[in-house]
$ cat my_file-v1.txt   # compact mmCIF, C-alpha atoms
# COMPACT_ATOMS: atom_id res chain seq x y z
CA MET N 1 31.15 28.05 -14.31
CA ASP N 2 30.16 31.57 -13.35
CA ILE N 3 26.63 31.76 -12.08
CA SER N 4 25.21 35.25 -11.85
CA PRO N 5 23.19 36.37 -8.81
CA ASP N 6 20.32 37.08 -11.21
CA ILE N 7 20.22 33.41 -12.33
CA ILE N 8 20.25 32.29 -8.67
CA ALA N 9 17.44 34.73 -7.81
CA ARG N 10 15.33 33.59 -10.78
CA ALA N 11 15.91 29.92 -9.99
CA SER N 12 14.96 30.51 -6.35
CA ARG N 13 11.62 31.94 -7.57
CA GLY N 14 10.94 28.67 -9.41
CA ASP N 15 12.20 29.66 -12.90
CA MET N 16 13.06 26.26 -14.43
CA GLU N 17 15.18 27.76 -17.24
CA ALA N 18 17.39 29.48 -14.68
CA PHE N 19 17.64 26.25 -12.67
CA GLU N 20 18.64 24.38 -15.84
CA ASP N 21 21.35 26.98 -16.41
CA ILE N 22 22.77 26.24 -12.95
CA TYR N 23 22.52 22.51 -13.71
CA ARG N 24 24.38 22.87 -17.04
CA LYS N 25 27.18 24.80 -15.38
CA THR N 26 27.69 22.49 -12.40
CA SER N 27 26.37 18.99 -13.24
CA ALA N 28 29.62 17.76 -14.83
CA PHE N 29 31.46 18.50 -11.60
CA VAL N 30 28.77 16.86 -9.46
CA TYR N 31 28.49 13.75 -11.63
CA ASN N 32 32.22 13.30 -12.25
CA VAL N 33 33.14 13.65 -8.57
CA SER N 34 30.30 11.32 -7.55
CA LEU N 35 31.30 8.72 -10.12
CA ARG N 36 34.99 8.85 -9.23
CA VAL N 37 34.29 8.66 -5.51
CA THR N 38 31.71 5.86 -5.61
CA ARG N 39 33.01 4.11 -8.78
CA ASN N 40 29.40 3.24 -9.62
CA PRO N 41 27.39 5.02 -12.38
CA GLU N 42 24.03 4.28 -10.71
CA ASP N 43 25.23 5.76 -7.43
CA ALA N 44 26.64 8.74 -9.32
CA GLU N 45 23.25 9.37 -10.97
CA GLU N 46 21.43 9.11 -7.66
CA ILE N 47 23.92 11.43 -5.95
CA THR N 48 23.57 13.95 -8.80
CA GLN N 49 19.79 13.88 -8.42
CA ASP N 50 20.04 14.24 -4.65
CA VAL N 51 22.47 17.15 -4.94
CA PHE N 52 20.29 19.08 -7.40
CA MET N 53 17.15 18.45 -5.34
CA LYS N 54 19.04 19.88 -2.35
CA VAL N 55 20.16 22.82 -4.48
CA TYR N 56 16.59 23.42 -5.66
CA ARG N 57 15.15 23.25 -2.13
CA SER N 58 17.85 25.45 -0.64
CA LEU N 59 18.19 28.19 -3.25
CA ARG N 60 15.79 30.44 -1.33
CA LYS N 61 17.93 30.08 1.78
CA PHE N 62 21.16 30.40 -0.15
CA ASN N 63 23.38 33.12 1.22
CA ALA N 64 24.24 35.33 -1.75
CA PHE N 65 27.47 36.37 -0.05
CA SER N 66 28.96 32.88 -0.20
CA SER N 67 29.80 31.19 -3.47
CA LEU N 68 27.20 28.86 -4.93
CA ARG N 69 30.02 26.93 -6.56
CA THR N 70 31.77 26.24 -3.23
CA TRP N 71 28.45 25.29 -1.72
CA ILE N 72 27.78 22.80 -4.52
CA TYR N 73 31.30 21.35 -4.08
CA ARG N 74 30.57 20.83 -0.42
CA ILE N 75 27.16 19.18 -0.76
CA THR N 76 28.46 16.97 -3.59
CA VAL N 77 31.36 15.73 -1.51
CA ASN N 78 29.18 15.26 1.57
CA THR N 79 26.48 13.39 -0.33
CA ALA N 80 29.03 11.15 -2.07
CA PHE N 81 30.87 10.53 1.19
CA ASN N 82 27.62 9.68 3.01
CA ARG N 83 26.72 7.27 0.22
CA ILE N 84 30.00 5.44 0.67
CA GLU N 85 29.61 5.39 4.46
CA SER N 86 26.04 4.06 4.29
CA SER N 87 27.03 1.37 1.79
CA LYS N 88 29.83 0.37 4.17
CA LYS N 89 27.29 -0.08 6.98
CA HIS N 90 25.24 -2.45 4.84
CA VAL N 91 28.02 -4.91 4.17
CA ASN N 92 28.11 -8.06 6.28
CA LYS N 93 30.76 -9.31 8.68
CA ARG N 94 32.92 -10.52 5.82
CA ALA N 95 33.42 -6.89 4.82
CA ASP N 96 36.96 -6.52 6.13
CA TYR N 97 38.03 -9.74 4.51
CA ASP N 98 36.32 -8.89 1.22
CA THR N 99 37.77 -5.40 1.18
CA ALA N 100 41.25 -6.76 1.83
CA ILE N 101 40.91 -9.34 -0.96
CA GLN N 102 39.48 -6.71 -3.30
CA SER N 103 42.25 -4.21 -2.61
CA ILE N 104 44.91 -6.86 -3.23
CA SER N 105 43.29 -7.98 -6.48
CA THR N 106 42.79 -4.37 -7.59
CA GLY N 107 46.47 -3.71 -7.02
CA GLU N 108 47.42 -6.85 -8.91
CA ARG N 109 45.10 -5.97 -11.73
CA ALA N 110 46.65 -2.49 -11.94
CA ARG N 111 50.11 -4.02 -12.14
CA ASP N 112 48.97 -6.56 -14.77
CA ASN N 113 47.63 -3.80 -16.94
CA VAL N 114 50.93 -1.98 -17.43
CA ALA N 115 50.46 -1.92 -21.14
CA ARG N 116 47.01 -0.42 -20.99
CA GLU N 117 46.95 3.00 -22.61
CA ASP N 118 43.47 3.98 -21.70
CA ASP N 119 43.89 6.99 -19.40
CA LYS N 120 40.36 6.71 -18.12
CA GLU N 121 40.77 3.12 -16.99
CA ARG N 122 44.17 3.84 -15.51
CA ALA N 123 42.84 6.78 -13.60
CA SER N 124 39.98 4.69 -12.17
CA GLU N 125 42.37 1.97 -11.11
CA PHE N 126 44.78 4.42 -9.55
CA LEU N 127 42.00 6.14 -7.66
CA ALA N 128 40.73 2.79 -6.41
CA MET N 129 44.01 2.27 -4.59
CA LEU N 130 43.57 5.37 -2.44
CA ASN N 131 41.48 5.65 0.67
CA THR N 132 38.31 7.77 0.48
CA ASP N 133 39.88 10.94 1.95
CA GLN N 134 42.88 10.80 -0.35
CA ARG N 135 40.70 9.91 -3.35
CA ILE N 136 38.41 12.91 -2.84
CA CYS N 137 41.38 15.29 -2.54
CA VAL N 138 43.02 13.88 -5.68
CA ILE N 139 39.76 14.05 -7.68
CA LEU N 140 39.12 17.65 -6.67
CA ARG N 141 42.71 18.63 -7.45
CA GLU N 142 43.61 16.62 -10.55
CA MET N 143 40.28 16.24 -12.29
CA GLU N 144 38.39 19.34 -11.23
CA GLY N 145 41.36 21.67 -10.91
CA LEU N 146 40.42 23.08 -7.50
CA ASN N 147 43.21 24.81 -5.61
CA TYR N 148 44.15 23.95 -2.02
CA LYS N 149 41.93 26.64 -0.54
CA GLU N 150 38.91 25.50 -2.53
CA ILE N 151 39.49 21.86 -1.59
CA ALA N 152 39.85 22.85 2.07
CA GLY N 153 36.57 24.80 1.82
CA ALA N 154 34.70 21.92 0.17
CA LEU N 155 35.93 19.37 2.71
CA LYS N 156 35.92 21.71 5.73
CA ILE N 157 39.52 20.83 6.55
CA ASN N 158 42.58 23.04 6.71
CA VAL N 159 44.97 23.63 3.82
CA ASN N 160 47.80 21.68 5.48
CA THR N 161 45.55 18.61 5.70
CA VAL N 162 44.83 18.95 1.96
CA ARG N 163 48.58 19.18 1.27
CA SER N 164 49.29 16.17 3.49
CA ARG N 165 46.57 14.00 1.89
CA LEU N 166 47.79 14.81 -1.61
CA LYS N 167 51.37 14.01 -0.62
CA ARG N 168 50.39 10.61 0.87
CA ALA N 169 48.25 9.79 -2.17
CA ARG N 170 51.10 10.58 -4.57
CA GLU N 171 53.60 8.62 -2.50
CA LYS N 172 51.27 5.65 -2.66
CA LEU N 173 50.79 5.95 -6.43
CA MET N 174 54.54 6.30 -6.97
CA ALA N 175 55.18 3.22 -4.83
CA ILE N 176 52.68 1.17 -6.84
CA ALA N 177 54.17 2.42 -10.12
CA GLY N 178 57.65 1.55 -8.83
CA LYS N 179 56.59 -2.09 -8.26
CA ARG N 180 55.31 -2.51 -11.81
CA MET X 1 67.49 24.23 -0.33
CA GLU X 2 67.91 20.57 0.68
CA CYS X 3 66.82 17.80 -1.66
CA LYS X 4 64.40 16.42 0.99
CA LYS X 5 62.56 19.73 1.18
CA VAL X 6 62.61 20.11 -2.61
CA LYS X 7 61.14 16.61 -3.10
CA GLU X 8 58.37 17.37 -0.64
CA LEU X 9 57.48 20.56 -2.53
CA LEU X 10 57.70 18.72 -5.86
CA MET X 11 55.03 16.31 -4.61
CA THR X 12 52.74 19.05 -3.40
CA ASP X 13 52.84 22.82 -3.96
CA TYR X 14 55.11 22.70 -7.03
CA ALA X 15 52.99 20.03 -8.75
CA ASP X 16 49.82 21.96 -7.95
CA GLY X 17 50.99 25.48 -8.80
CA GLU X 18 50.67 26.69 -5.24
CA LEU X 19 54.21 28.01 -4.78
CA SER X 20 55.05 31.67 -4.46
CA GLU X 21 57.01 33.12 -7.38
CA LYS X 22 60.16 33.34 -5.27
CA LEU X 23 60.00 29.74 -4.07
CA HIS X 24 59.14 28.55 -7.56
CA ARG X 25 62.29 30.21 -8.90
CA GLU X 26 64.34 28.54 -6.15
CA ILE X 27 63.01 25.10 -7.06
CA ILE X 28 63.68 25.66 -10.77
CA ALA X 29 67.24 26.66 -9.91
CA HIS X 30 67.66 23.53 -7.76
CA LEU X 31 66.29 21.25 -10.49
CA GLY X 32 68.74 22.77 -12.93
CA ALA X 33 71.60 21.76 -10.68
CA CYS X 34 70.34 18.42 -9.20
CA PRO X 35 69.79 15.45 -11.57
CA GLU X 36 68.32 13.29 -8.78
CA CYS X 37 65.57 15.80 -8.00
CA ARG X 38 64.97 16.27 -11.72
CA ARG X 39 64.42 12.49 -12.12
CA PHE X 40 62.15 12.56 -9.08
CA GLU X 41 60.07 15.32 -10.64
CA ILE X 42 59.62 13.29 -13.84
CA ARG X 43 58.62 10.22 -11.83
CA ILE X 44 55.96 12.14 -9.91
CA LYS X 45 54.46 13.53 -13.10
CA GLU X 46 54.45 10.21 -14.92
CA SER X 47 53.26 7.94 -12.14
CA ALA X 48 51.17 10.04 -9.76
CA VAL X 49 49.92 13.19 -11.46
CA ASN X 50 49.42 12.81 -15.19
CA PRO X 51 47.53 9.48 -15.22
CA ILE X 52 44.72 11.09 -13.25
CA ARG X 53 45.02 14.63 -14.56
CA LYS X 54 44.80 13.44 -18.17
CA ALA X 55 41.72 11.30 -17.61
CA ASP X 56 38.60 12.50 -19.36
CA ARG X 57 35.93 14.06 -17.29
CA GLU X 58 32.73 12.02 -17.07
CA TYR X 59 29.47 13.79 -17.91
CA PRO X 60 26.00 12.94 -16.63
CA PRO X 61 23.66 11.15 -19.03
CA SER X 62 21.44 13.51 -21.03
CA TYR X 63 18.20 12.15 -19.55
CA LEU X 64 19.24 13.00 -15.99
CA PHE X 65 18.01 16.59 -15.94
CA GLY X 66 14.57 15.36 -17.13
CA LYS X 67 14.41 13.04 -14.12
CA ILE X 68 15.40 15.87 -11.77
CA LYS X 69 12.80 18.18 -13.35
CA ASP X 70 10.08 15.53 -12.92
CA LYS X 71 11.02 15.17 -9.26
CA ILE X 72 10.83 18.94 -8.79
CA TYR X 73 7.39 19.15 -10.43
CA THR X 74 6.12 16.25 -8.32
CA GLU X 75 7.43 17.96 -5.20
CA ARG X 76 5.86 21.28 -6.19
CA GLU X 77 2.50 19.56 -6.77
CA ALA X 78 2.69 17.80 -3.43
CA ALA X 79 3.57 21.10 -1.76
CA SER X 80 0.57 22.89 -3.31
CA VAL X 81 -1.79 20.03 -2.33
CA SER X 82 -0.43 20.02 1.20
CA GLY X 83 -0.75 23.82 1.19
CA ALA X 84 -4.50 23.59 0.44
CA ALA X 85 -4.88 20.82 3.00
CA GLY X 86 -3.00 23.01 5.46
CA LEU X 87 -5.42 25.88 4.86
CA ARG X 88 -8.38 23.53 5.41
CA SER X 89 -6.94 22.12 8.59
CA GLY X 90 -6.04 25.63 9.75
CA LEU X 91 -9.63 26.79 9.32
CA SER X 92 -10.89 23.64 11.00
CA ARG X 93 -8.51 24.24 13.92
CA PHE X 94 -9.69 27.84 14.14
CA PHE X 95 -13.34 26.79 14.33
CA SER X 96 -12.66 24.00 16.77
CA MET X 97 -10.93 26.54 18.99
CA LEU X 98 -14.07 28.67 18.79
CA ARG X 99 -16.41 25.76 19.53
CA PRO X 100 -16.65 26.25 23.35
CA ALA X 101 -17.25 29.96 22.87
CA LEU X 102 -19.94 29.25 20.28
CA ALA X 103 -21.60 26.72 22.61
CA VAL X 104 -21.67 29.20 25.48
CA SER X 105 -23.10 31.86 23.17
CA ALA X 106 -25.77 29.46 21.91
CA VAL X 107 -26.82 28.56 25.47
CA ALA X 108 -26.93 32.24 26.42
CA VAL X 109 -29.12 33.03 23.42
CA ALA X 110 -31.43 30.10 24.23
CA VAL X 111 -31.80 31.17 27.87
CA PHE X 112 -32.45 34.76 26.84
CA GLY X 113 -35.07 33.58 24.34
CA LEU X 114 -36.83 31.47 26.95
CA VAL X 115 -36.84 34.33 29.42
CA VAL X 116 -38.29 36.67 26.83
CA LEU X 117 -40.92 34.15 25.74
CA MET X 118 -41.97 33.20 29.26
CA ARG X 119 -42.06 36.75 30.51
CA PRO X 120 -45.84 37.68 30.86
CA THR X 121 -46.82 40.60 28.76
CA ARG X 122 -48.19 43.75 30.45
CA THR X 123 -51.69 43.16 28.91
CA GLY X 124 -51.80 39.56 30.05
CA ASN X 125 -50.78 40.55 33.50
CA GLY X 126 -53.58 43.09 33.65
CA SER X 127 -56.28 40.59 32.68
CA VAL X 128 -55.03 38.10 35.25
CA ASN X 129 -55.14 40.79 37.91
CA LEU X 130 -58.64 41.73 36.88
CA TYR X 131 -59.73 38.08 37.02
CA LEU X 132 -58.17 37.66 40.45
CA THR X 133 -59.85 40.83 41.71
CA GLU X 134 -63.22 39.63 40.44
CA GLN X 135 -62.77 36.24 42.05
CA ALA X 136 -61.69 37.84 45.33
CA GLU X 137 -64.72 40.09 45.25
CA PHE X 138 -66.99 37.14 44.50
CA ILE X 139 -65.57 35.09 47.35
CA ALA X 140 -65.81 38.05 49.70
CA GLY X 141 -69.38 38.55 48.68
CA LEU X 142 -70.50 35.02 49.48
CA GLY X 143 -73.22 35.01 52.06
CA SER X 144 -74.10 38.54 51.25
CA GLU X 145 -77.52 39.61 49.99
CA THR X 146 -76.56 39.25 46.42
CA THR X 147 -75.49 35.65 46.83
CA ALA X 148 -78.43 34.88 49.12
CA SER X 149 -80.78 36.03 46.43
CA LEU X 150 -79.03 33.67 44.10
CA LYS X 151 -79.72 30.76 46.49
CA GLY X 152 -83.44 31.19 46.02
CA ASP X 153 -83.15 31.33 42.35
CA LEU X 154 -80.74 28.70 41.15
CA GLY X 155 -81.86 28.75 37.53
CA THR X 156 -82.80 25.60 35.63
CA SER X 157 -84.25 22.47 37.30
CA ILE X 158 -80.99 20.62 36.90
CA GLU X 159 -79.11 23.47 38.60
CA GLU X 160 -81.59 23.46 41.39
CA PHE X 161 -81.21 19.70 41.80
CA LEU X 162 -77.42 19.79 41.80
CA LEU X 163 -76.86 22.91 43.88
CA SER X 164 -79.58 22.64 46.45
$ encode --input "my_file-v1.txt" --output "structure tokens"
Amino acid sequence: MDISPDIIARASRGDMEAFEDIYRKTSAFVYNVSLRVTRNPEDAEEITQDVFMKVYRSLRKFNAFSSLRTWIYRITVNTAFNRIESSKKHVNKRADYDTAIQSISTGERARDNVAREDDKERASEFLAMLNTDQRICVILREMEGLNYKEIAGALKINVNTVRSRLKRAREKLMAIAGKR
Amino acid sequence: MECKKVKELLMTDYADGELSEKLHREIIAHLGACPECRRFEIRIKESAVNPIRKADREYPPSYLFGKIKDKIYTEREAASVSGAAGLRSGLSRFFSMLRPALAVSAVAVAVFGLVVLMRPTRTGNGSVNLYLTEQAEFIAGLGSETTASLKGDLGTSIEEFLLS
């Protein structure tokens, strides 16, 4: 996913081919993270559009000394996180009850599907059992292969917090697997 | 190293390849000697790491870049239209700022014009002076011989009737 400074400079001058090059190299990350965080393809599409509109508008201001990749990680995570937060605000007073019921049924469903071999489905169900902070860390680590420093940079948290969130997430997943 | 510490590292830095070479060697040595930690390592991989790590990455639908491109072109168009409108409003602002100055200038020009137009010319002034001098001389001469001679000879019969 190396993006040369020349491509960034051309894209910032309005060169659509250069911008498409940046899109091709980064859109899978943006879309996959958005989809895994929100668990909704429509939201993931909208977040991907929002992120690339932000990238397009900000390329001129982009500081060439910082990594475009890290910057895209950060705005993707922020945009996805904001989407989740704003959708939480729109739920009614039954939200807590509904969320509790949903989390119980999701857990039960995961346990009922022991025999399921589909990795994709299993991954989605496992991720659904984690809270948003843990889920984002796990997605960035397991699916996107970011190291602790890169995750810390994308989330603006320290490396020990990354380590701690991953540990809690794995403990939770192991506990669920142990009950199956 | 204690099993508790090893298990913690197995769940984090070891699983994620973040250990230093030295520490990594220590863990490998521990796992070789501790069946419980070895079982723990397998459990972590099977239940908490591999199910997510093995999942396929999702890719955006092929039409998505077209939508983004359309949005960018629409935004560019709007920016160029608002740029032209901005130039127009800038010029309009500039002229509206000049309006009081222009009004003052126009009044000054009008006043100057009036002054120039109403100012009697040197020739005109001379003829008026001549007329006034003649009239003054005429009035001064009333009752003199010249005017007395006129009294006796008033001209036509109508003049005689009206002036006598």
$ interface_residues --input "my_file-v1.txt" --of "chain X" --to "chain N" --cutoff "10 Å" --atoms "all atoms listed in the file" --output "PyMOL selection string"
chain X and resi 8-13+16-18+43-61+64-69+71-73+75-76
$ residues_around --input "my_file-v1.txt" --residues "region 21-35 of chain X" --least-positions-apart "2" --cutoff "9 Å" --atoms "only C-alpha atoms" --output "list of chain:residue names"
X:Met1, X:Glu2, X:Cys3, X:Val6, X:Leu9, X:Leu10, X:Tyr14, X:Gly17, X:Glu18, X:Leu19, X:Cys37, X:Arg38, X:Arg39, X:Phe40, X:Glu41
$ atom_distance --input "my_file-v1.txt" --atom1 "CA of Ser86 (chain N)" --atom2 "CA of Arg69 (chain N)"
25.6 Å
$ atom_distance --input "my_file-v1.txt" --atom1 "CA of Ala9 (chain N)" --atom2 "CA of Ser62 (chain X)"
25.3 Å
$ atom_distance --input "my_file-v1.txt" --atom1 "CA of Ile157 (chain N)" --atom2 "CA of Thr79 (chain N)"
16.5 Å
